[in-house]
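This is run.cif (mmCIF, C-alpha atoms and all ligand atoms).
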```cif
data_query
loop_
_atom_site.label_atom_id
_atom_site.label_comp_id
_atom_site.auth_asym_id
_atom_site.auth_seq_id
_atom_site.Cartn_x
_atom_site.Cartn_y
_atom_site.Cartn_z
CA MET A 1227 107.95 135.43 24.85
CA HIS A 1228 111.51 134.42 25.68
CA GLY A 1229 112.93 135.92 28.84
CA MET A 1230 114.43 135.75 32.28
CA ASN A 1231 113.15 135.88 35.83
CA ILE A 1232 114.52 139.02 37.39
CA PHE A 1233 115.33 140.36 40.84
CA SER A 1234 115.41 137.03 42.70
CA ASP A 1235 117.96 138.77 44.92
CA GLY A 1236 115.04 140.90 46.11
CA LYS A 1237 113.54 137.98 48.06
CA SER A 1238 114.99 138.92 51.42
CA HIS A 1239 116.67 142.19 50.44
CA PRO A 1240 115.53 144.90 52.87
CA LEU A 1241 113.98 146.91 50.00
CA ARG A 1242 112.63 143.77 48.25
CA VAL A 1243 113.97 144.82 44.84
CA GLY A 1244 117.52 143.46 44.86
CA ASN A 1245 120.75 145.11 43.78
CA GLN A 1246 120.64 144.80 40.01
CA SER A 1247 121.17 147.89 37.89
CA LYS A 1248 119.48 149.42 34.90
CA GLU A 1249 122.49 148.54 32.68
CA HIS A 1250 122.08 144.94 33.70
CA ILE A 1251 118.46 144.97 32.51
CA MET A 1252 119.33 146.80 29.28
CA ARG A 1253 121.65 143.92 28.35
CA LEU A 1254 118.68 141.58 27.98
CA THR A 1255 117.67 143.25 24.74
CA LYS A 1256 121.03 144.74 23.73
CA ASP A 1257 123.19 141.62 24.04
CA TRP A 1258 120.55 138.97 23.49
CA GLY A 1259 117.08 138.85 22.02
CA TYR A 1260 114.89 138.60 25.08
CA ASN A 1261 111.59 140.38 24.77
CA SER A 1262 110.16 139.85 28.24
CA VAL A 1263 110.83 139.27 31.93
CA ARG A 1264 109.00 137.73 34.86
CA LEU A 1265 109.56 140.24 37.65
CA LEU A 1266 109.32 139.09 41.26
CA ILE A 1267 107.18 141.08 43.70
CA PHE A 1268 106.35 140.12 47.27
CA TRP A 1269 103.33 140.22 49.55
CA ASP A 1270 105.54 141.38 52.46
CA GLY A 1271 106.77 144.22 50.23
CA ILE A 1272 103.24 145.36 49.39
CA GLU A 1273 101.61 144.92 52.83
CA PRO A 1274 104.38 144.80 55.44
CA GLU A 1275 101.95 145.84 58.18
CA LYS A 1276 98.45 144.41 58.28
CA GLY A 1277 96.14 146.55 56.14
CA GLN A 1278 98.87 149.08 55.30
CA TYR A 1279 100.32 149.20 51.84
CA ASP A 1280 103.87 150.34 51.24
CA TYR A 1281 103.66 152.70 48.27
CA GLU A 1282 107.38 153.39 48.46
CA TYR A 1283 107.96 149.72 47.69
CA LEU A 1284 105.50 149.83 44.80
CA GLN A 1285 107.26 152.95 43.52
CA ARG A 1286 110.63 151.13 43.61
CA VAL A 1287 109.07 148.40 41.49
CA LYS A 1288 107.65 151.05 39.16
CA ASP A 1289 111.13 152.55 38.71
CA ARG A 1290 112.32 149.13 37.56
CA LEU A 1291 109.36 148.87 35.21
CA ASP A 1292 110.61 152.11 33.64
CA TRP A 1293 113.94 150.39 32.97
CA CYS A 1294 112.13 147.45 31.41
CA GLU A 1295 110.13 149.78 29.20
CA GLU A 1296 113.28 151.54 28.07
CA ALA A 1297 114.87 148.18 27.34
CA GLY A 1298 111.83 147.13 25.29
CA LEU A 1299 110.81 144.31 27.61
CA HIS A 1300 107.30 143.11 28.38
CA VAL A 1301 106.81 142.38 32.06
CA VAL A 1302 104.83 139.67 33.81
CA LEU A 1303 104.67 140.61 37.49
CA ASP A 1304 105.11 137.56 39.69
CA MET A 1305 103.60 137.36 43.18
CA HIS A 1306 106.51 135.34 44.45
CA GLN A 1307 106.85 133.15 47.53
CA ASP A 1308 109.01 130.23 48.62
CA LEU A 1309 108.41 128.33 51.86
CA TYR A 1310 105.66 130.83 52.69
CA ALA A 1311 107.91 133.51 54.26
CA VAL A 1312 111.40 134.93 54.82
CA GLY A 1313 111.60 133.45 58.32
CA TYR A 1314 111.68 129.92 56.86
CA GLY A 1315 114.52 130.64 54.46
CA GLY A 1316 112.12 131.71 51.75
CA ASP A 1317 110.09 134.80 50.96
CA GLY A 1318 106.56 136.06 50.44
CA ALA A 1319 104.20 136.45 53.38
CA PRO A 1320 104.58 139.32 55.85
CA GLU A 1321 105.41 138.44 59.43
CA TRP A 1322 101.95 139.32 60.73
CA ALA A 1323 100.50 136.64 58.39
CA ILE A 1324 102.52 133.76 59.86
CA PHE A 1325 100.63 131.36 62.15
CA ASP A 1326 102.71 128.28 62.91
CA ASP A 1327 100.51 126.74 65.63
CA GLY A 1328 103.60 126.73 67.86
CA GLU A 1329 105.23 124.06 65.66
CA PRO A 1330 109.04 123.81 65.47
CA PHE A 1331 111.30 124.87 62.61
CA GLU A 1332 114.89 123.88 61.91
CA LEU A 1333 116.57 125.18 58.78
CA GLN A 1334 117.28 122.43 56.19
CA VAL A 1335 119.52 122.15 53.14
CA PRO A 1336 118.67 122.06 50.26
CA TRP A 1337 116.07 124.75 50.69
CA GLU A 1338 113.10 122.73 49.37
CA LEU A 1339 113.29 120.39 52.37
CA ASN A 1340 112.06 123.20 54.59
CA TYR A 1341 108.59 122.61 53.08
CA PHE A 1342 108.46 119.52 55.34
CA GLN A 1343 109.22 121.43 58.54
CA PRO A 1344 106.20 121.39 60.92
CA ALA A 1345 106.08 125.18 61.33
CA VAL A 1346 106.09 125.69 57.54
CA LYS A 1347 103.37 123.09 57.02
CA ALA A 1348 101.21 124.75 59.69
CA SER A 1349 101.71 128.25 58.28
CA ILE A 1350 100.86 127.10 54.76
CA SER A 1351 97.79 125.22 55.97
CA ASN A 1352 96.58 128.27 57.85
CA PHE A 1353 96.79 130.25 54.65
CA TRP A 1354 95.02 127.83 52.31
CA ASP A 1355 92.45 126.15 54.58
CA VAL A 1356 90.11 128.93 55.62
CA GLU A 1357 88.31 126.56 58.02
CA ARG A 1358 91.31 126.76 60.34
CA GLY A 1359 90.18 130.24 61.29
CA TYR A 1360 92.53 132.51 59.36
CA GLY A 1361 90.35 133.21 56.35
CA TYR A 1362 91.31 136.86 56.44
CA LEU A 1363 94.83 135.95 55.24
CA GLN A 1364 93.55 135.12 51.78
CA GLU A 1365 91.45 138.30 51.79
CA HIS A 1366 94.53 140.35 52.60
CA TYR A 1367 96.59 138.56 49.95
CA ILE A 1368 93.90 139.19 47.33
CA ASN A 1369 93.63 142.86 48.29
CA SER A 1370 97.42 143.20 48.10
CA VAL A 1371 97.46 141.78 44.58
CA VAL A 1372 94.68 144.17 43.61
CA GLU A 1373 96.64 147.08 45.11
CA ALA A 1374 99.69 146.06 43.06
CA VAL A 1375 97.52 145.84 39.94
CA LYS A 1376 96.08 149.31 40.63
CA TYR A 1377 99.52 150.81 41.13
CA LEU A 1378 101.52 148.94 38.50
CA GLY A 1379 99.03 147.34 36.12
CA ASN A 1380 98.69 150.33 33.80
CA HIS A 1381 102.43 150.75 33.33
CA PRO A 1382 103.17 150.41 29.59
CA ALA A 1383 105.73 147.64 30.21
CA VAL A 1384 103.33 145.42 32.16
CA VAL A 1385 101.41 142.77 30.22
CA GLY A 1386 100.31 140.49 33.02
CA ILE A 1387 100.48 139.21 36.56
CA ASP A 1388 101.23 135.73 37.93
CA LEU A 1389 98.85 135.16 40.86
CA TYR A 1390 100.92 132.97 43.18
CA ASN A 1391 104.37 131.44 42.75
CA GLU A 1392 104.67 127.68 43.23
CA PRO A 1393 101.74 126.88 45.52
CA THR A 1394 103.04 123.95 47.56
CA SER A 1395 101.52 121.85 50.28
CA VAL A 1396 102.68 118.73 52.03
CA THR A 1397 99.61 118.38 54.20
CA PHE A 1398 96.36 118.32 52.22
CA ASP A 1399 96.44 114.62 51.28
CA GLY A 1400 98.80 115.37 48.47
CA TYR A 1401 98.96 118.19 46.01
CA LYS A 1402 95.77 117.25 44.16
CA ASN A 1403 93.58 118.26 47.05
CA LEU A 1404 95.42 121.55 47.35
CA GLU A 1405 94.72 122.24 43.69
CA SER A 1406 91.08 121.17 43.46
CA LYS A 1407 89.83 122.17 46.90
CA TYR A 1408 91.82 125.27 47.77
CA MET A 1409 93.63 126.77 44.79
CA THR A 1410 90.82 126.70 42.23
CA PRO A 1411 88.31 128.79 44.24
CA PHE A 1412 91.11 131.06 45.47
CA TYR A 1413 92.27 131.79 41.91
CA GLN A 1414 88.70 132.44 40.79
CA LYS A 1415 88.16 134.95 43.60
CA LEU A 1416 91.44 136.65 42.78
CA ILE A 1417 90.72 136.83 39.05
CA ASN A 1418 87.24 138.27 39.68
CA LYS A 1419 88.63 140.92 42.01
CA ILE A 1420 91.43 141.91 39.61
CA ARG A 1421 88.84 142.40 36.88
CA THR A 1422 87.01 144.96 39.02
CA VAL A 1423 90.04 147.24 38.61
CA ASN A 1424 91.72 146.09 35.38
CA ASN A 1425 90.13 144.66 32.25
CA ASP A 1426 93.26 144.38 30.11
CA LEU A 1427 96.04 142.55 31.92
CA TRP A 1428 96.78 138.95 31.07
CA ILE A 1429 96.35 136.80 34.16
CA PHE A 1430 98.93 134.04 34.55
CA TYR A 1431 98.33 131.24 37.00
CA GLU A 1432 100.26 128.16 38.09
CA PRO A 1433 99.34 124.63 39.03
CA SER A 1434 100.78 123.13 42.23
CA ALA A 1435 104.58 123.04 42.22
CA MET A 1436 105.03 119.77 44.03
CA GLY A 1437 104.17 116.95 41.66
CA VAL A 1438 103.28 119.04 38.64
CA ASN A 1439 106.70 120.68 38.24
CA GLN A 1440 108.11 117.16 38.05
CA GLY A 1441 105.66 116.03 35.37
CA LEU A 1442 102.65 114.55 37.18
CA LYS A 1443 99.13 115.46 36.14
CA SER A 1444 97.53 118.60 37.58
CA ASP A 1445 94.10 118.56 39.22
CA LEU A 1446 93.50 122.27 39.10
CA GLY A 1447 89.91 123.05 38.11
CA LEU A 1448 88.96 125.42 35.31
CA VAL A 1449 88.80 129.12 36.07
CA LYS A 1450 86.87 131.77 34.16
CA ASP A 1451 87.83 135.24 33.09
CA PRO A 1452 84.90 137.65 33.61
CA ARG A 1453 86.55 140.41 31.56
CA LYS A 1454 84.78 142.11 28.66
CA GLY A 1455 86.02 140.48 25.48
CA GLU A 1456 87.98 137.27 24.99
CA PRO A 1457 89.52 135.67 28.09
CA ARG A 1458 93.08 136.66 28.92
CA LEU A 1459 94.30 133.75 31.00
CA VAL A 1460 97.63 131.96 30.62
CA TYR A 1461 98.43 128.54 32.07
CA PHE A 1462 101.86 129.09 33.58
CA PRO A 1463 103.56 125.98 35.01
CA HIS A 1464 107.21 125.44 35.97
CA ILE A 1465 109.42 122.53 35.02
CA TYR A 1466 112.00 121.06 37.41
CA THR A 1467 112.26 117.37 36.62
CA ILE A 1468 112.61 114.75 39.33
CA ASP A 1469 116.11 113.61 38.31
CA LEU A 1470 117.38 117.12 39.07
CA ASP A 1471 115.64 117.16 42.44
CA VAL A 1472 116.92 113.76 43.45
CA SER A 1473 120.48 113.63 42.16
CA GLY A 1474 121.09 117.34 41.61
CA GLU A 1475 121.98 116.72 37.97
CA TYR A 1476 120.51 115.75 34.63
CA ILE A 1477 120.69 112.02 34.01
CA GLY A 1478 120.89 112.59 30.27
CA ASN A 1479 117.52 111.07 29.50
CA PRO A 1480 114.71 113.34 28.25
CA PHE A 1481 112.05 110.92 29.57
CA TYR A 1482 111.05 113.25 32.43
CA ILE A 1483 111.00 116.32 30.22
CA ASN A 1484 108.73 114.51 27.75
CA LEU A 1485 106.50 113.28 30.59
CA TRP A 1486 106.08 116.87 31.75
CA ALA A 1487 105.41 118.11 28.20
CA SER A 1488 102.72 115.58 27.41
CA ALA A 1489 100.88 116.22 30.71
CA ARG A 1490 101.03 120.01 30.19
CA GLN A 1491 99.94 119.78 26.56
CA LYS A 1492 96.80 117.86 27.50
CA GLU A 1493 96.06 120.38 30.23
CA TYR A 1494 96.40 123.54 28.22
CA GLN A 1495 94.35 122.08 25.40
CA TRP A 1496 91.64 121.06 27.89
CA ARG A 1497 91.78 124.51 29.49
CA ASN A 1498 91.72 126.08 26.01
CA GLU A 1499 94.32 128.65 27.04
CA PRO A 1500 97.85 129.47 25.97
CA LEU A 1501 100.69 127.84 27.90
CA MET A 1502 103.92 129.49 28.94
CA ILE A 1503 106.67 128.27 31.18
CA GLY A 1504 107.23 130.53 34.17
CA GLU A 1505 110.46 128.86 35.34
CA PHE A 1506 113.02 126.28 34.40
CA GLY A 1507 116.71 126.20 35.11
CA LEU A 1508 119.61 124.62 36.91
CA GLY A 1509 123.09 125.47 38.08
CA GLY A 1510 126.37 125.02 36.26
CA ASN A 1511 127.69 124.91 32.70
CA ASP A 1512 128.95 121.34 32.55
CA PRO A 1513 127.87 119.20 29.56
CA LYS A 1514 124.92 117.73 31.48
CA ALA A 1515 123.60 121.14 32.51
CA LEU A 1516 123.91 122.35 28.92
CA ALA A 1517 122.21 119.21 27.60
CA TYR A 1518 119.32 119.63 30.02
CA THR A 1519 118.87 123.29 29.13
CA THR A 1520 118.93 122.42 25.42
CA GLU A 1521 116.36 119.64 25.87
CA VAL A 1522 113.98 121.94 27.72
CA VAL A 1523 114.15 124.79 25.21
CA GLU A 1524 113.75 122.34 22.33
CA MET A 1525 110.68 120.90 24.05
CA CYS A 1526 109.30 124.44 24.47
CA ASP A 1527 109.76 125.07 20.74
CA LYS A 1528 107.95 121.82 19.98
CA ILE A 1529 104.90 122.83 22.01
CA THR A 1530 105.27 126.51 20.93
CA GLY A 1531 105.47 127.61 24.55
CA GLY A 1532 107.22 130.81 25.55
CA TRP A 1533 109.44 130.73 28.61
CA PHE A 1534 111.27 132.52 31.42
CA TYR A 1535 114.59 131.08 32.53
CA TRP A 1536 115.34 130.87 36.28
CA ASP A 1537 117.10 133.19 36.74
CA TYR A 1538 119.10 136.24 35.61
CA THR A 1539 120.71 137.27 38.94
CA PRO A 1540 124.45 136.70 38.29
CA GLY A 1541 125.62 133.41 39.80
CA ASP A 1542 125.73 129.67 39.28
CA TRP A 1543 122.32 129.33 37.58
CA SER A 1544 122.49 132.50 35.51
CA ILE A 1545 123.72 133.30 32.00
CA LEU A 1546 126.20 135.61 33.79
CA ASP A 1547 128.72 134.51 36.38
CA SER A 1548 129.24 136.48 39.57
CA GLU A 1549 131.64 138.81 37.70
CA ASN A 1550 128.96 139.49 35.07
CA ASN A 1551 130.74 137.48 32.36
CA GLU A 1552 128.54 135.59 29.96
CA VAL A 1553 128.73 131.81 30.39
CA GLU A 1554 128.18 128.93 27.97
CA LYS A 1555 124.55 128.40 28.96
CA SER A 1556 123.73 131.81 27.58
CA LYS A 1557 124.28 130.53 24.03
CA VAL A 1558 121.89 127.66 24.55
CA LEU A 1559 119.16 130.05 25.67
CA ASP A 1560 119.81 132.80 23.11
CA ARG A 1561 117.94 131.16 20.24
CA PRO A 1562 116.04 132.25 17.15
CA TYR A 1563 112.30 132.44 17.86
CA PRO A 1564 109.21 134.10 16.45
CA ARG A 1565 108.31 136.99 18.77
CA LEU A 1566 105.15 137.81 16.92
CA ILE A 1567 103.34 135.47 14.59
CA ALA A 1568 100.98 136.57 11.83
CA GLY A 1569 99.23 133.34 10.97
CA GLU A 1570 97.90 130.09 12.37
CA LYS A 1571 99.36 126.77 13.50
CA PRO A 1572 102.97 127.87 13.76
CA SER A 1573 105.83 125.45 14.21
CA TYR A 1574 109.52 126.14 14.52
CA ASN A 1575 112.73 124.47 15.52
CA LEU A 1576 116.46 124.91 15.52
CA ASN A 1577 118.57 121.99 14.31
CA LEU A 1578 121.81 122.30 16.23
CA GLU A 1579 123.68 119.86 13.99
CA ASN A 1580 123.54 122.06 10.92
CA SER A 1581 122.38 125.35 12.49
CA VAL A 1582 119.20 125.47 10.42
CA PHE A 1583 116.20 127.28 11.86
CA THR A 1584 112.87 126.26 10.36
CA PHE A 1585 109.66 128.25 10.65
CA LYS A 1586 106.25 127.28 9.30
CA VAL A 1587 102.88 128.97 9.58
CA ASN A 1588 99.57 129.01 7.77
CA TRP A 1589 98.25 132.26 6.43
CA ASN A 1590 94.62 132.72 5.46
CA LYS A 1591 92.09 135.49 5.01
CA GLU A 1592 90.15 134.67 8.17
CA VAL A 1593 93.25 135.14 10.30
CA ALA A 1594 94.26 138.23 8.35
CA LYS A 1595 90.95 139.88 9.26
CA LYS A 1596 91.72 139.53 12.98
CA LEU A 1597 95.20 141.05 12.86
CA SER A 1598 96.26 144.65 12.99
CA ASN A 1599 99.87 143.76 12.11
CA HIS A 1600 100.58 141.34 9.29
CA TRP A 1601 104.30 140.93 9.92
CA THR A 1602 105.83 137.93 11.64
CA GLU A 1603 108.93 138.87 13.65
CA ILE A 1604 111.77 136.40 14.02
CA TYR A 1605 114.74 137.13 16.24
CA ILE A 1606 118.21 136.21 14.92
CA PRO A 1607 120.87 135.71 17.65
CA LYS A 1608 124.34 137.17 17.14
CA HIS A 1609 126.30 134.06 18.00
CA LEU A 1610 124.63 131.42 15.85
CA TRP A 1611 125.69 132.46 12.36
CA PRO A 1612 128.83 134.56 12.96
CA LYS A 1613 129.69 134.68 9.25
CA GLY A 1614 126.19 135.66 8.23
CA TRP A 1615 122.89 133.93 7.55
CA GLU A 1616 120.54 133.61 4.64
CA MET A 1617 116.90 132.77 4.23
CA ASN A 1618 115.54 130.03 1.96
CA ILE A 1619 111.89 130.27 1.07
CA ILE A 1620 110.78 126.66 0.80
CA LYS A 1621 107.08 127.35 0.41
CA GLY A 1622 104.79 130.36 0.06
CA GLU A 1623 105.08 133.84 -1.36
CA ILE A 1624 106.45 136.39 1.08
CA GLU A 1625 107.86 139.84 1.42
CA TRP A 1626 110.63 140.31 3.99
CA LYS A 1627 112.97 142.84 5.55
CA TYR A 1628 115.64 142.75 8.23
CA ASP A 1629 116.48 145.28 10.94
CA GLU A 1630 120.16 144.96 11.84
CA ALA A 1631 119.91 147.00 15.05
CA SER A 1632 117.29 144.78 16.68
CA ARG A 1633 118.32 141.65 14.73
CA LEU A 1634 114.69 141.13 13.78
CA LEU A 1635 113.62 139.50 10.54
CA TYR A 1636 110.15 140.56 9.38
CA VAL A 1637 108.16 138.23 7.15
CA LYS A 1638 104.81 138.95 5.52
CA ALA A 1639 102.63 136.58 3.50
CA LEU A 1640 101.53 137.72 0.06
CA LYS A 1641 99.22 134.81 -0.67
CA GLU A 1642 96.98 132.45 1.29
CA GLY A 1643 98.47 129.10 2.24
CA ASP A 1644 101.41 127.58 4.06
CA ILE A 1645 104.65 129.44 4.55
CA HIS A 1646 107.84 127.53 5.16
CA ILE A 1647 111.18 129.27 5.52
CA GLU A 1648 114.63 128.22 6.63
CA ILE A 1649 117.41 130.34 8.02
CA THR A 1650 120.83 128.86 7.43
CA ASP A 1651 124.53 129.59 7.64
CA LYS A 1652 125.51 131.69 4.62
CA THR A 1653 128.88 129.99 4.22
CA LYS A 1654 127.30 126.57 3.82
CA SER A 1655 125.29 127.30 0.67
O1 LIG B 1 117.43 129.42 43.26
C1 LIG B 1 116.82 129.87 44.47
C2 LIG B 1 117.66 129.51 45.68
O2 LIG B 1 118.90 130.14 45.60
C3 LIG B 1 116.92 129.93 46.94
O3 LIG B 1 117.62 129.45 48.06
C4 LIG B 1 115.53 129.34 46.97
C5 LIG B 1 114.70 129.83 48.15
O4 LIG B 1 114.55 131.20 48.12
O5 LIG B 1 114.83 129.68 45.78
C6 LIG B 1 115.45 129.26 44.59
O6 LIG B 1 114.67 129.67 43.53
C7 LIG B 1 113.48 128.92 43.32
C8 LIG B 1 112.32 129.85 43.01
O7 LIG B 1 112.15 130.83 44.01
C9 LIG B 1 111.04 129.07 42.84
N1 LIG B 1 111.20 128.01 41.90
C10 LIG B 1 112.37 127.13 42.02
C11 LIG B 1 113.62 128.00 42.10
C12 LIG B 1 114.88 127.13 42.08
O8 LIG B 1 114.92 126.24 43.14
#
```

Go through the file and emit its structure as C-alpha cells.
Ligand code: 9MR
Amino acid sequence: MHGMNIFSDGKSHPLRVGNQSKEHIMRLTKDWGYNSVRLLIFWDGIEPEKGQYDYEYLQRVKDRLDWCEEAGLHVVLDMHQDLYAVGYGGDGAPEWAIFDDGEPFELQVPWELNYFQPAVKASISNFWDVERGYGYLQEHYINSVVEAVKYLGNHPAVVGIDLYNEPTSVTFDGYKNLESKYMTPFYQKLINKIRTVNNDLWIFYEPSAMGVNQGLKSDLGLVKDPRKGEPRLVYFPHIYTIDLDVSGEYIGNPFYINLWASARQKEYQWRNEPLMIGEFGLGGNDPKALAYTTEVVEMCDKITGGWFYWDYTPGDWSILDSENNEVEKSKVLDRPYPRLIAGEKPSYNLNLENSVFTFKVNWNKEVAKKLSNHWTEIYIPKHLWPKGWEMNIIKGEIEWKYDEASRLLYVKALKEGDIHIEITDKTKS
C-alpha cells in the first residue's frame, strides 16, 4: 500500500468529516498511483452522547467510503485522537468522557506540548488506568469501535481498522509502562470483541507514539488474533524523528531514520506480522523537507513497508498547496512500487541518480499454490520517465503486459527461480 491520510480537517469540523470533495479523492488514483488511504474517524463522532451512537455520522463516513471505492482505493479506518479530545486542541474523545480531576489547562504551541498540560495528563490517565475508577470509558470506546466495524466494516472499500491513533502518556513512568501495562490488554480486548462481529478485516495497531515514533524500542506485548484462519494483524507505527520535533527541520542526517527502521524491523519480525507505516510527514518543500521525505520513502522500500503520508488535506504538509496545486513533494512520494506481489522475498528500490527502478522476487511452486493471482503489479508514475520507459529482464523468464490507463505493469513468472527486472529511461539505452 502507498497512500495518504485523509480528512484530517474533520478533527474538529462540526460534522467530523471535513470539507474535501469527491473530485479531490478521485485525484489520488487519477493523477498519482495511490492505492489506499488511512481515513480518520472519531470516537466523539460515533458516540457523541454516552451510549448513543450517531448513525448519521457513520453514514457520512460511508458516503466517503463510496468515493474511495469509486476511486479504486483500499481504506484503513483510523480511530483517531490527538491530546485526548477537541477541548485540548486535539480530537477524539466525546465531552462526556473527559475527566480532568479539576486540573488546569492552558493552550500551548506547538500542539504536542499540550500533552504535558495537567488536565490532559489527568484525562488520559483516567482513560487508560481503569483503577482510577473510570473503567467504563474503555468499555464505551471498545463498543464504539465495534459499532463502527458493524456499520462500515463490510463496505467493499474497507480492508482494515487502526485501533487507536498515537497512544501517548506522560504519566505512567514513561511510555513503556503505558504499552506493557495498559495498551497490550486493551488491544487484546478490542481485537477479541471486533472478531465477534467481523472475521475478515485486517486489524492495524500502533505502539506508543512518544518514544517509539522517534525511534526508541517499543515495549508493547504480543497480541493474538482469534479469527478463523491465519491472523490478520498489522504492526502500524508512525515515524516522526526527534530532529524534526526539536528543531522543526531535518538536520540532513539519516541516523534517526535508520535508528527507527532497525528498531521497527526487529519488532515486526519478533511479532511475526507485516509492518506498515501509518504516518510520516513534515511541512514545506525546501531542500531539507524534500531530502527527509526521500530518505523516509527509501527506508520504507528497503524494509518493504507500505505507508500513508501525513496528510492529504491541502496545506503546508500536503502534496497540494492551499489552492490545490501540486507541489514538489508530490514527486518524491509518487514513486514506482509493487502493489501486488506474486512471489516471495521481494526487494525493490528506485535509484534517483539514474532513474532506475529495480524489482526482485523469488517465484516457486509452493508459493504459486497459495496464490489465486499470479501477476505482480508494478505502478509506473507519470513524471519519472516523461519520454518513456523500458523494462530490462536481468534474470528469470517472464510474461508481461502494461495497462496505460492505470499505468500498471503486470509481470508473471514462467519458471521457478529468481526474477530480477529493471525499469529505466527509454532515451538512455
Ligand atoms: O498536522 C496536525 C496539526 O495541524 C494539528 O494541529 C495537530 C493536532 O490536531 O495534529 C497534527 O497532525 C498529527 C496527527 O493528528 C497525529 N500524528 C502527528 C501529526 C502531525 O503532527

So that each row is one residue of chain A with an atom at most 9 Å from ligand LIG 1 (chain B), can you give its shortest atom pair and the distance in Å to one decimal, using only C-alpha atoms and all ligand atoms, rows by chain and rising number, as CSV?
```
residue,atom,partner,partner_atom,distance
A:Ser1234,CA,B:LIG1,O7,7.1
A:Asp1235,CA,B:LIG1,O2,8.7
A:Lys1237,CA,B:LIG1,O4,6.9
A:Ser1238,CA,B:LIG1,O4,8.4
A:His1306,CA,B:LIG1,O7,7.2
A:Gln1307,CA,B:LIG1,O7,6.8
A:Asp1308,CA,B:LIG1,O7,5.6
A:Leu1309,CA,B:LIG1,C5,7.5
A:Val1312,CA,B:LIG1,O4,8.3
A:Gly1315,CA,B:LIG1,C5,6.4
A:Gly1316,CA,B:LIG1,O4,4.4
A:Asp1317,CA,B:LIG1,O4,6.4
A:Pro1336,CA,B:LIG1,O3,7.8
A:Trp1337,CA,B:LIG1,O3,5.6
A:Glu1338,CA,B:LIG1,O8,7.4
A:Asn1391,CA,B:LIG1,C9,7.1
A:Glu1392,CA,B:LIG1,C9,6.5
A:Ala1435,CA,B:LIG1,N1,8.3
A:His1464,CA,B:LIG1,N1,7.6
A:Ile1465,CA,B:LIG1,C10,8.9
A:Tyr1466,CA,B:LIG1,C10,7.6
A:Glu1505,CA,B:LIG1,N1,6.7
A:Phe1506,CA,B:LIG1,C10,7.7
A:Gly1507,CA,B:LIG1,C12,7.3
A:Leu1508,CA,B:LIG1,C12,7.4
A:Gly1509,CA,B:LIG1,O1,8.6
A:Trp1536,CA,B:LIG1,C11,6.7
A:Asp1537,CA,B:LIG1,O1,7.5
A:Trp1543,CA,B:LIG1,O1,7.5
```

Given only C-alpha atoms as the basis, pick out the residue of A:Leu1578, A:Leu1363, A:Ile1624, A:Val1243 nearest to Trp1322 in chain A.
A:Leu1363

If we count only C-alpha atoms, what is near range 1565-1576 of chain A at a cut-off of 6 Å, once residues fewer than 4 positions away on the same chain are taken out, given as an MDAnalysis selection string?
chainID A and resid 1582:1589 1600:1604

Neighbours of Asp1469 in chain A within 9 Å (only C-alpha atoms; same-chain residues fewer than 6 positions away dropped), as an mmCIF file with C-alpha atoms, in the coordinates of the input?
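result.cif, written as the output of this step:
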```
data_model
loop_
_atom_site.group_PDB
_atom_site.id
_atom_site.type_symbol
_atom_site.label_atom_id
_atom_site.label_comp_id
_atom_site.auth_asym_id
_atom_site.auth_seq_id
_atom_site.Cartn_x
_atom_site.Cartn_y
_atom_site.Cartn_z
ATOM 1 C CA GLN A 1440 108.110 117.160 38.050
ATOM 2 C CA GLU A 1475 121.980 116.720 37.970
ATOM 3 C CA TYR A 1476 120.510 115.750 34.630
ATOM 4 C CA ILE A 1477 120.690 112.020 34.010
ATOM 5 C CA TYR A 1482 111.050 113.250 32.430
#
```

What is the CA of Phe1462 in chain A to CA of Ala1297 in chain A distance in Å?
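For CA of Phe1462 in chain A relative to CA of Ala1297 in chain A, the distance reads 23.9 Å.
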
Mind dumping a table of every range 1485-1581 of chain A residue within 12 Å of range 1456-1461 of chain A, with the nearest atom pair and its distance in Å to one decimal, using all atoms listed in the file, sorted by chain and rising number, as JSON lines?
```
{"residue": "A:Arg1490", "atom": "CA", "partner": "A:Tyr1461", "partner_atom": "CA", "distance": 9.1}
{"residue": "A:Gln1491", "atom": "CA", "partner": "A:Tyr1461", "partner_atom": "CA", "distance": 10.5}
{"residue": "A:Lys1492", "atom": "CA", "partner": "A:Tyr1461", "partner_atom": "CA", "distance": 11.7}
{"residue": "A:Glu1493", "atom": "CA", "partner": "A:Tyr1461", "partner_atom": "CA", "distance": 8.7}
{"residue": "A:Tyr1494", "atom": "CA", "partner": "A:Tyr1461", "partner_atom": "CA", "distance": 6.6}
{"residue": "A:Gln1495", "atom": "CA", "partner": "A:Tyr1461", "partner_atom": "CA", "distance": 10.1}
{"residue": "A:Trp1496", "atom": "CA", "partner": "A:Tyr1461", "partner_atom": "CA", "distance": 10.9}
{"residue": "A:Arg1497", "atom": "CA", "partner": "A:Tyr1461", "partner_atom": "CA", "distance": 8.2}
{"residue": "A:Asn1498", "atom": "CA", "partner": "A:Tyr1461", "partner_atom": "CA", "distance": 9.4}
{"residue": "A:Glu1499", "atom": "CA", "partner": "A:Val1460", "partner_atom": "CA", "distance": 5.9}
{"residue": "A:Pro1500", "atom": "CA", "partner": "A:Val1460", "partner_atom": "CA", "distance": 5.3}
{"residue": "A:Leu1501", "atom": "CA", "partner": "A:Tyr1461", "partner_atom": "CA", "distance": 4.8}
{"residue": "A:Met1502", "atom": "CA", "partner": "A:Tyr1461", "partner_atom": "CA", "distance": 6.4}
{"residue": "A:Ile1503", "atom": "CA", "partner": "A:Tyr1461", "partner_atom": "CA", "distance": 8.3}
{"residue": "A:Gly1504", "atom": "CA", "partner": "A:Tyr1461", "partner_atom": "CA", "distance": 9.3}
{"residue": "A:Gly1531", "atom": "CA", "partner": "A:Tyr1461", "partner_atom": "CA", "distance": 10.3}
{"residue": "A:Gly1532", "atom": "CA", "partner": "A:Val1460", "partner_atom": "CA", "distance": 10.9}
{"residue": "A:Trp1533", "atom": "CA", "partner": "A:Tyr1461", "partner_atom": "CA", "distance": 11.7}
```
